[in-house]
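Student: You'll find entry.cif just under this line, and it carries mmCIF, C-alpha atoms.
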data_input
loop_
_atom_site.group_PDB
_atom_site.id
_atom_site.type_symbol
_atom_site.label_atom_id
_atom_site.label_comp_id
_atom_site.auth_asym_id
_atom_site.auth_seq_id
_atom_site.Cartn_x
_atom_site.Cartn_y
_atom_site.Cartn_z
ATOM 1 C CA MET P 1440 6.985 -24.006 18.948
ATOM 2 C CA GLY P 1441 5.997 -21.315 16.472
ATOM 3 C CA GLN P 1442 4.837 -21.712 12.895
ATOM 4 C CA PHE P 1443 7.825 -19.656 11.660
ATOM 5 C CA ASP P 1444 10.561 -21.246 13.780
ATOM 6 C CA GLY P 1445 13.903 -21.014 11.954
ATOM 7 C CA GLN P 1446 12.497 -18.730 9.256
ATOM 8 C CA VAL P 1447 13.483 -15.147 8.432
ATOM 9 C CA VAL P 1448 11.263 -12.265 7.347
ATOM 10 C CA TYR P 1449 12.484 -9.140 5.516
ATOM 11 C CA ILE P 1450 10.189 -6.164 6.190
ATOM 12 C CA THR P 1451 10.248 -2.584 4.871
ATOM 13 C CA GLY P 1452 8.595 0.332 6.681
ATOM 14 C CA ILE P 1453 9.103 -1.396 10.014
ATOM 15 C CA ALA P 1454 9.380 1.565 12.397
ATOM 16 C CA ARG P 1455 5.765 1.743 13.524
ATOM 17 C CA GLY P 1456 2.116 1.040 12.786
ATOM 18 C CA GLN P 1457 0.927 -2.070 10.999
ATOM 19 C CA VAL P 1458 4.436 -3.116 10.024
ATOM 20 C CA ARG P 1459 5.769 -3.021 13.578
ATOM 21 C CA ASN P 1460 2.797 -5.206 14.426
ATOM 22 C CA HIS P 1461 3.724 -7.622 11.615
ATOM 23 C CA ALA P 1462 7.256 -7.868 13.008
ATOM 24 C CA LEU P 1463 6.013 -8.590 16.515
ATOM 25 C CA ARG P 1464 3.547 -11.208 15.296
ATOM 26 C CA PHE P 1465 6.153 -12.991 13.157
ATOM 27 C CA ALA P 1466 8.705 -12.851 15.986
ATOM 28 C CA ALA P 1467 6.162 -14.311 18.404
ATOM 29 C CA GLU P 1468 5.867 -17.264 16.021
ATOM 30 C CA GLY P 1469 9.617 -17.862 16.001
ATOM 31 C CA ALA P 1470 10.801 -15.833 12.984
ATOM 32 C CA SER P 1471 13.900 -13.667 12.901
ATOM 33 C CA ILE P 1472 13.342 -10.205 11.468
ATOM 34 C CA ILE P 1473 15.338 -8.067 9.039
ATOM 35 C CA GLY P 1474 13.849 -4.578 8.973
ATOM 36 C CA LEU P 1475 14.306 -1.320 7.062
ATOM 37 C CA ASP P 1476 12.732 2.092 7.568
ATOM 38 C CA ILE P 1477 13.785 5.580 6.580
ATOM 39 C CA ALA P 1478 12.495 6.721 10.006
ATOM 40 C CA ALA P 1479 12.320 10.333 8.837
ATOM 41 C CA ARG P 1480 10.170 12.632 6.722
ATOM 42 C CA VAL P 1481 10.585 11.639 3.097
ATOM 43 C CA ALA P 1482 9.016 14.717 1.524
ATOM 44 C CA GLY P 1483 7.806 18.119 2.635
ATOM 45 C CA HIS P 1484 4.358 17.537 1.153
ATOM 46 C CA GLN P 1485 3.491 14.719 3.573
ATOM 47 C CA THR P 1486 0.683 15.910 5.848
ATOM 48 C CA TYR P 1487 0.571 13.066 8.391
ATOM 49 C CA PRO P 1488 2.999 12.349 11.245
ATOM 50 C CA THR P 1489 6.007 10.431 9.955
ATOM 51 C CA ALA P 1490 8.109 7.749 11.628
ATOM 52 C CA THR P 1491 11.238 8.671 13.570
ATOM 53 C CA GLU P 1492 14.496 7.078 14.655
ATOM 54 C CA ALA P 1493 12.912 6.678 18.092
ATOM 55 C CA ASP P 1494 10.059 4.704 16.517
ATOM 56 C CA LEU P 1495 12.532 2.377 14.827
ATOM 57 C CA ALA P 1496 14.445 1.894 18.065
ATOM 58 C CA GLU P 1497 11.171 1.094 19.833
ATOM 59 C CA THR P 1498 10.364 -1.605 17.271
ATOM 60 C CA VAL P 1499 13.749 -3.193 17.924
ATOM 61 C CA ARG P 1500 13.182 -2.997 21.676
ATOM 62 C CA LEU P 1501 9.728 -4.557 21.480
ATOM 63 C CA VAL P 1502 10.862 -7.437 19.254
ATOM 64 C CA GLU P 1503 13.815 -8.188 21.504
ATOM 65 C CA GLU P 1504 11.699 -7.797 24.632
ATOM 66 C CA ALA P 1505 9.387 -10.441 23.223
ATOM 67 C CA GLY P 1506 12.372 -12.770 22.768
ATOM 68 C CA GLY P 1507 12.766 -12.246 19.049
ATOM 69 C CA LYS P 1508 15.880 -11.619 16.982
ATOM 70 C CA ILE P 1509 16.039 -8.571 14.744
ATOM 71 C CA LEU P 1510 18.489 -6.756 12.499
ATOM 72 C CA ALA P 1511 17.013 -3.332 11.751
ATOM 73 C CA ARG P 1512 18.548 -0.468 9.852
ATOM 74 C CA GLN P 1513 17.607 3.088 8.927
ATOM 75 C CA GLY P 1514 17.522 3.436 5.160
ATOM 76 C CA ASP P 1515 15.528 4.487 2.112
ATOM 77 C CA ILE P 1516 13.916 1.826 -0.080
ATOM 78 C CA ARG P 1517 14.825 3.968 -3.079
ATOM 79 C CA ASP P 1518 18.476 3.197 -2.311
ATOM 80 C CA LEU P 1519 19.077 -0.169 -3.974
ATOM 81 C CA ALA P 1520 22.613 -0.522 -2.623
ATOM 82 C CA CYS P 1521 21.324 0.042 0.912
ATOM 83 C CA GLN P 1522 18.747 -2.706 0.528
ATOM 84 C CA GLN P 1523 21.199 -5.107 -1.081
ATOM 85 C CA GLN P 1524 23.675 -4.567 1.747
ATOM 86 C CA LEU P 1525 20.979 -5.124 4.378
ATOM 87 C CA VAL P 1526 19.912 -8.331 2.640
ATOM 88 C CA THR P 1527 23.541 -9.512 2.557
ATOM 89 C CA ASP P 1528 24.054 -8.646 6.219
ATOM 90 C CA GLY P 1529 20.754 -10.219 7.189
ATOM 91 C CA ILE P 1530 21.610 -13.489 5.467
ATOM 92 C CA GLU P 1531 25.035 -13.480 7.103
ATOM 93 C CA THR P 1532 23.339 -12.973 10.485
ATOM 94 C CA PHE P 1533 20.343 -15.299 10.159
ATOM 95 C CA GLY P 1534 21.274 -17.594 7.262
ATOM 96 C CA ARG P 1535 18.373 -17.037 4.885
ATOM 97 C CA ILE P 1536 15.276 -15.046 3.855
ATOM 98 C CA ASP P 1537 11.975 -16.912 3.643
ATOM 99 C CA HIS P 1538 9.335 -14.200 3.518
ATOM 100 C CA VAL P 1539 9.235 -10.571 2.398
ATOM 101 C CA ILE P 1540 6.718 -7.920 3.433
ATOM 102 C CA ALA P 1541 7.138 -4.917 1.122
ATOM 103 C CA ASN P 1542 5.213 -2.195 2.900
ATOM 104 C CA ALA P 1543 7.142 1.092 2.889
ATOM 105 C CA GLY P 1544 5.272 3.899 1.158
ATOM 106 C CA ILE P 1545 4.079 7.492 1.318
ATOM 107 C CA LEU P 1546 0.928 9.420 0.491
ATOM 108 C CA THR P 1547 0.235 12.929 -0.757
ATOM 109 C CA TRP P 1548 -2.999 14.743 -1.547
ATOM 110 C CA GLY P 1549 -4.027 16.997 -4.416
ATOM 111 C CA LEU P 1550 -6.079 17.241 -7.576
ATOM 112 C CA THR P 1551 -4.396 15.568 -10.543
ATOM 113 C CA TRP P 1552 -3.651 18.816 -12.361
ATOM 114 C CA GLU P 1553 -2.629 20.678 -9.210
ATOM 115 C CA LEU P 1554 -0.052 18.211 -7.901
ATOM 116 C CA THR P 1555 3.508 19.445 -8.184
ATOM 117 C CA GLU P 1556 6.054 17.414 -10.090
ATOM 118 C CA GLU P 1557 7.667 16.593 -6.753
ATOM 119 C CA GLN P 1558 4.408 15.308 -5.272
ATOM 120 C CA PHE P 1559 3.777 12.963 -8.178
ATOM 121 C CA ALA P 1560 7.353 11.779 -8.637
ATOM 122 C CA ASP P 1561 8.095 11.238 -4.939
ATOM 123 C CA VAL P 1562 5.066 9.030 -4.380
ATOM 124 C CA VAL P 1563 5.630 6.890 -7.464
ATOM 125 C CA ASP P 1564 9.369 6.649 -6.776
ATOM 126 C CA VAL P 1565 8.907 5.510 -3.181
ATOM 127 C CA ASN P 1566 5.847 3.312 -3.529
ATOM 128 C CA LEU P 1567 6.435 1.664 -6.898
ATOM 129 C CA VAL P 1568 10.087 2.049 -7.865
ATOM 130 C CA GLY P 1569 11.214 1.553 -4.250
ATOM 131 C CA THR P 1570 9.203 -1.666 -3.996
ATOM 132 C CA TRP P 1571 10.704 -2.894 -7.266
ATOM 133 C CA LYS P 1572 14.125 -2.242 -5.703
ATOM 134 C CA THR P 1573 13.040 -4.287 -2.694
ATOM 135 C CA LEU P 1574 12.210 -7.191 -4.991
ATOM 136 C CA LYS P 1575 15.479 -6.748 -6.899
ATOM 137 C CA ALA P 1576 17.376 -6.981 -3.597
ATOM 138 C CA VAL P 1577 15.609 -10.017 -2.132
ATOM 139 C CA ILE P 1578 14.662 -12.262 -5.046
ATOM 140 C CA PRO P 1579 18.124 -13.390 -6.256
ATOM 141 C CA PRO P 1580 19.228 -14.765 -2.856
ATOM 142 C CA MET P 1581 15.808 -16.362 -2.325
ATOM 143 C CA ILE P 1582 16.118 -18.136 -5.667
ATOM 144 C CA ASP P 1583 19.688 -19.191 -4.928
ATOM 145 C CA ALA P 1584 18.664 -20.650 -1.560
ATOM 146 C CA ARG P 1585 16.017 -22.874 -3.202
ATOM 147 C CA ASN P 1586 13.875 -22.746 -0.072
ATOM 148 C CA GLY P 1587 10.771 -21.323 -1.735
ATOM 149 C CA GLY P 1588 8.982 -18.688 0.309
ATOM 150 C CA SER P 1589 6.613 -15.772 -0.133
ATOM 151 C CA ILE P 1590 6.519 -12.082 -0.994
ATOM 152 C CA THR P 1591 3.614 -9.944 0.156
ATOM 153 C CA ILE P 1592 3.337 -6.453 -1.323
ATOM 154 C CA ILE P 1593 1.146 -3.969 0.513
ATOM 155 C CA SER P 1594 -0.869 -2.069 -2.071
ATOM 156 C CA SER P 1595 -4.119 -0.293 -1.139
ATOM 157 C CA THR P 1596 -7.796 -0.119 -1.862
ATOM 158 C CA ALA P 1597 -6.660 2.816 -4.023
ATOM 159 C CA GLY P 1598 -4.870 0.203 -6.146
ATOM 160 C CA LEU P 1599 -8.215 -1.466 -6.892
ATOM 161 C CA LYS P 1600 -10.474 1.583 -7.063
ATOM 162 C CA ALA P 1601 -8.756 4.848 -7.952
ATOM 163 C CA MET P 1602 -9.537 7.605 -5.475
ATOM 164 C CA PRO P 1603 -9.989 11.341 -5.974
ATOM 165 C CA VAL P 1604 -7.290 13.706 -4.738
ATOM 166 C CA GLN P 1605 -4.906 10.709 -4.745
ATOM 167 C CA SER P 1606 -3.849 10.290 -8.366
ATOM 168 C CA SER P 1607 -0.152 9.798 -7.618
ATOM 169 C CA TYR P 1608 -0.934 7.352 -4.822
ATOM 170 C CA SER P 1609 -3.527 5.481 -6.883
ATOM 171 C CA ALA P 1610 -1.155 5.273 -9.851
ATOM 172 C CA SER P 1611 1.601 3.852 -7.658
ATOM 173 C CA LYS P 1612 -0.694 1.333 -5.993
ATOM 174 C CA PHE P 1613 -2.190 0.159 -9.289
ATOM 175 C CA GLY P 1614 1.408 -0.215 -10.463
ATOM 176 C CA LEU P 1615 2.170 -2.517 -7.536
ATOM 177 C CA ARG P 1616 -0.548 -4.874 -8.732
ATOM 178 C CA GLY P 1617 1.156 -5.204 -12.113
ATOM 179 C CA LEU P 1618 4.555 -5.638 -10.494
ATOM 180 C CA ALA P 1619 3.221 -8.373 -8.238
ATOM 181 C CA GLN P 1620 1.418 -10.204 -11.034
ATOM 182 C CA SER P 1621 4.538 -10.292 -13.203
ATOM 183 C CA ALA P 1622 6.687 -11.469 -10.310
ATOM 184 C CA ALA P 1623 4.157 -14.147 -9.323
ATOM 185 C CA LYS P 1624 4.273 -15.622 -12.826
ATOM 186 C CA GLU P 1625 8.061 -15.512 -12.950
ATOM 187 C CA LEU P 1626 8.590 -16.937 -9.457
ATOM 188 C CA GLY P 1627 5.948 -19.670 -9.447
ATOM 189 C CA PRO P 1628 8.416 -22.230 -10.859
ATOM 190 C CA LYS P 1629 10.870 -21.194 -8.125
ATOM 191 C CA ARG P 1630 8.289 -22.017 -5.397
ATOM 192 C CA ILE P 1631 8.116 -18.360 -4.350
ATOM 193 C CA ARG P 1632 4.580 -16.994 -4.039
ATOM 194 C CA VAL P 1633 3.737 -13.310 -4.594
ATOM 195 C CA ASN P 1634 0.523 -11.667 -3.401
ATOM 196 C CA THR P 1635 -0.816 -8.187 -2.695
ATOM 197 C CA VAL P 1636 -2.788 -6.863 0.274
ATOM 198 C CA HIS P 1637 -5.200 -3.960 -0.197
ATOM 199 C CA PRO P 1638 -6.082 -2.062 2.989
ATOM 200 C CA TYR P 1639 -8.508 0.829 3.307
ATOM 201 C CA ALA P 1640 -8.395 2.828 6.553
ATOM 202 C CA VAL P 1641 -6.073 1.335 9.180
ATOM 203 C CA ASN P 1642 -5.526 2.541 12.730
ATOM 204 C CA THR P 1643 -2.106 4.110 12.137
ATOM 205 C CA PRO P 1644 -0.873 7.727 12.060
ATOM 206 C CA MET P 1645 -0.912 7.643 8.254
ATOM 207 C CA GLY P 1646 -4.411 6.189 8.298
ATOM 208 C CA VAL P 1647 -6.224 8.284 10.898
ATOM 209 C CA GLU P 1648 -4.100 11.340 11.748
ATOM 210 C CA ASP P 1649 -3.909 13.081 8.373
ATOM 211 C CA PRO P 1650 -6.003 16.279 8.269
ATOM 212 C CA LYS P 1651 -5.958 16.285 4.465
ATOM 213 C CA ALA P 1652 -7.818 12.976 4.468
ATOM 214 C CA PHE P 1653 -10.751 14.484 6.334
ATOM 215 C CA GLU P 1654 -10.842 17.399 3.883
ATOM 216 C CA ALA P 1655 -11.011 14.909 1.002
ATOM 217 C CA PHE P 1656 -13.807 12.969 2.665
ATOM 218 C CA GLU P 1657 -15.829 16.149 3.077
ATOM 219 C CA GLU P 1658 -15.582 17.121 -0.593
ATOM 220 C CA TYR P 1659 -15.545 13.712 -2.279
ATOM 221 C CA GLY P 1660 -17.278 11.588 0.340
ATOM 222 C CA GLU P 1661 -19.343 9.619 -2.172
ATOM 223 C CA HIS P 1662 -16.164 7.837 -3.301
ATOM 224 C CA PHE P 1663 -14.997 6.801 0.166
ATOM 225 C CA PRO P 1664 -17.763 4.709 1.795
ATOM 226 C CA SER P 1665 -17.452 1.084 2.884
ATOM 227 C CA MET P 1666 -20.019 -1.639 3.523
ATOM 228 C CA MET P 1667 -19.311 -1.597 7.256
ATOM 229 C CA ASN P 1668 -20.093 1.709 8.923
ATOM 230 C CA HIS P 1669 -19.994 -0.076 12.288
ATOM 231 C CA TYR P 1670 -16.310 -0.973 11.638
ATOM 232 C CA PRO P 1671 -14.809 2.033 9.837
ATOM 233 C CA VAL P 1672 -11.119 1.429 10.564
ATOM 234 C CA ALA P 1673 -9.170 -1.838 10.449
ATOM 235 C CA THR P 1674 -6.995 -2.790 13.402
ATOM 236 C CA LEU P 1675 -3.306 -3.603 13.201
ATOM 237 C CA ASP P 1676 -4.100 -7.253 13.814
ATOM 238 C CA ASP P 1677 -6.615 -7.285 10.960
ATOM 239 C CA LEU P 1678 -3.708 -6.526 8.631
ATOM 240 C CA SER P 1679 -1.230 -8.815 10.361
ATOM 241 C CA ASP P 1680 -3.703 -11.704 10.210
ATOM 242 C CA ALA P 1681 -3.796 -11.338 6.421
ATOM 243 C CA VAL P 1682 -0.028 -11.001 6.049
ATOM 244 C CA ILE P 1683 0.637 -14.072 8.188
ATOM 245 C CA TYR P 1684 -1.997 -16.060 6.326
ATOM 246 C CA LEU P 1685 -0.397 -15.247 2.983
ATOM 247 C CA ALA P 1686 3.018 -16.274 4.305
ATOM 248 C CA THR P 1687 1.603 -19.708 5.135
ATOM 249 C CA ALA P 1688 -0.922 -20.223 2.313
ATOM 250 C CA LYS P 1689 1.005 -22.625 0.093
ATOM 251 C CA ALA P 1690 -1.698 -22.753 -2.598
ATOM 252 C CA VAL P 1691 -2.114 -18.968 -2.919
ATOM 253 C CA THR P 1692 -0.169 -16.812 -5.360
ATOM 254 C CA GLY P 1693 -1.124 -13.898 -7.578
ATOM 255 C CA ALA P 1694 -3.941 -13.071 -5.141
ATOM 256 C CA GLU P 1695 -5.213 -9.581 -4.350
ATOM 257 C CA PHE P 1696 -6.313 -9.758 -0.727
ATOM 258 C CA GLN P 1697 -8.678 -7.010 0.404
ATOM 259 C CA ILE P 1698 -8.818 -5.805 4.013
ATOM 260 C CA ASP P 1699 -11.096 -2.891 3.203
ATOM 261 C CA MET P 1700 -14.489 -3.337 4.867
ATOM 262 C CA GLY P 1701 -15.899 -3.733 1.365
ATOM 263 C CA SER P 1702 -14.912 -0.230 0.262
ATOM 264 C CA SER P 1703 -13.448 -1.349 -3.059
ATOM 265 C CA LYS P 1704 -16.871 -2.699 -4.057
ATOM 266 C CA VAL P 1705 -18.857 0.454 -3.257
#
What does this structure look like when you write it as structure tokens?
Tutor:
Amino acid sequence: MGQFDGQVVYITGIARGQVRNHALRFAAEGASIIGLDIAARVAGHQTYPTATEADLAETVRLVEEAGGKILARQGDIRDLACQQQLVTDGIETFGRIDHVIANAGILTWGLTWELTEEQFADVVDVNLVGTWKTLKAVIPPMIDARNGGSITIISSTAGLKAMPVQSSYSASKFGLRGLAQSAAKELGPKRIRVNTVHPYAVNTPMGVEDPKAFEAFEEYGEHFPSMMNHYPVATLDDLSDAVIYLATAKAVTGAEFQIDMGSSKV
């Protein structure tokens, strides 16, 4: 028996990394998974390895290999109709949605005044507007089902402490905090809890394989330290532990949960 037996989790950005790990952990606890990922390069200014169709297929294989059920689709969170159709198809397949993990996002680097219009707009459109479209797709059927549930939005330490060379990313992640707080207040009476998670460095391609990140650390290193030099990068399970906790924490809503080795306080 798993703690999510009979429940369904909708997850964006599922093709690899921490979100694949979330899917596997939820599936191991009995949940069915509805997943979305663009599984392609979103913008030419991304400087880290991006997810692929093969990554998405591997997530499906791993979930099914572990005995889980999954409906996964390639799509862009900026496409509201795509998300609404996936939600409809997922509910037809599994009967409901209980939990949402809104994770899909991108990062670009550059000084505030040197970013191109594309760099700024793409990041805000994917990270903030795309997440709002995720909420717009999932909340109405969750309310109609009257089952309660939870929504966890993955923000960032950069949404608590703005970072240099990341103004578009920081702006989008601060925006997610406001989005989550409004939704938490609106959905409390509906028994749907809304929380944010704020990671720092995580052991994913986006987190540790971006050469631009190391350039930023060299020039602006005083803004990037944590309290735990012996533990500089969070594991996938560190993040999944938090996400699963928030899905089960019936007394927690409107929380901003930091998995950041104390970096937001330095």
Student: Report as AutoDock Vina command-line options the centre and the edge lengths, in Å to one decimal, of the axis-aligned box holding every listed atom of region 1441-1455 of chain P, padded by 3 Å on each side.
Tutor:
--center_x 9.4 --center_y -10.0 --center_z 10.7 --size_x 15.1 --size_y 29.5 --size_z 17.6
Student: Could you state which residues are captured by the PyMOL selection byres ((chain P and resi 1562) around 12) in this file, as a VMD selection string?
Tutor: chain P and resid 1481 to 1485 1517 1543 to 1548 1554 to 1561 1563 to 1570 1605 to 1612 1614
Student: What's the separation between CA of Met1645 (chain P) and CA of Leu1675 (chain P), in Å to one decimal place?
Tutor: 12.5 Å
Student: Any chance you could work out the residue set of the PyMOL selection byres ((chain P and resi 1522) around 12) here, as a ChimeraX atom specification?
Tutor: /P:1449-1451,1473-1477,1511-1521,1523-1529,1541,1569-1578
Student: List, as a list in words, every residue that the PyMOL selection byres ((chain P and resi 1655) around 12) selects in the file provided.
Tutor: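 Applying the expression gives Thr1547, Trp1548, Gly1549, Leu1550, Met1602, Pro1603, Val1604, Gln1605, Asp1649, Pro1650, Lys1651, Ala1652, Phe1653, Glu1654, Phe1656, Glu1657, Glu1658, Tyr1659, Gly1660, Glu1661, His1662 and Phe1663 of chain P.
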Student: Which residue out of P:Ala1619, P:Met1666, P:Ala1686, P:Met1581 has the minimum interatomic distance to Ile1536 (chain P) when only C-alpha atoms are used?
Tutor: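 Going through P:Ala1619, P:Met1666, P:Ala1686, P:Met1581 one by one, the smallest distance to Ile1536 (chain P) is for P:Met1581.
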Student: Please check which residues have atoms at most 7 Å from (1.8, 6.8, 15.9) in the file's coordinates, counting only C-alpha atoms, and write them as a list in words.
Tutor: Arg1455, Gly1456, Thr1643 and Pro1644 of chain P
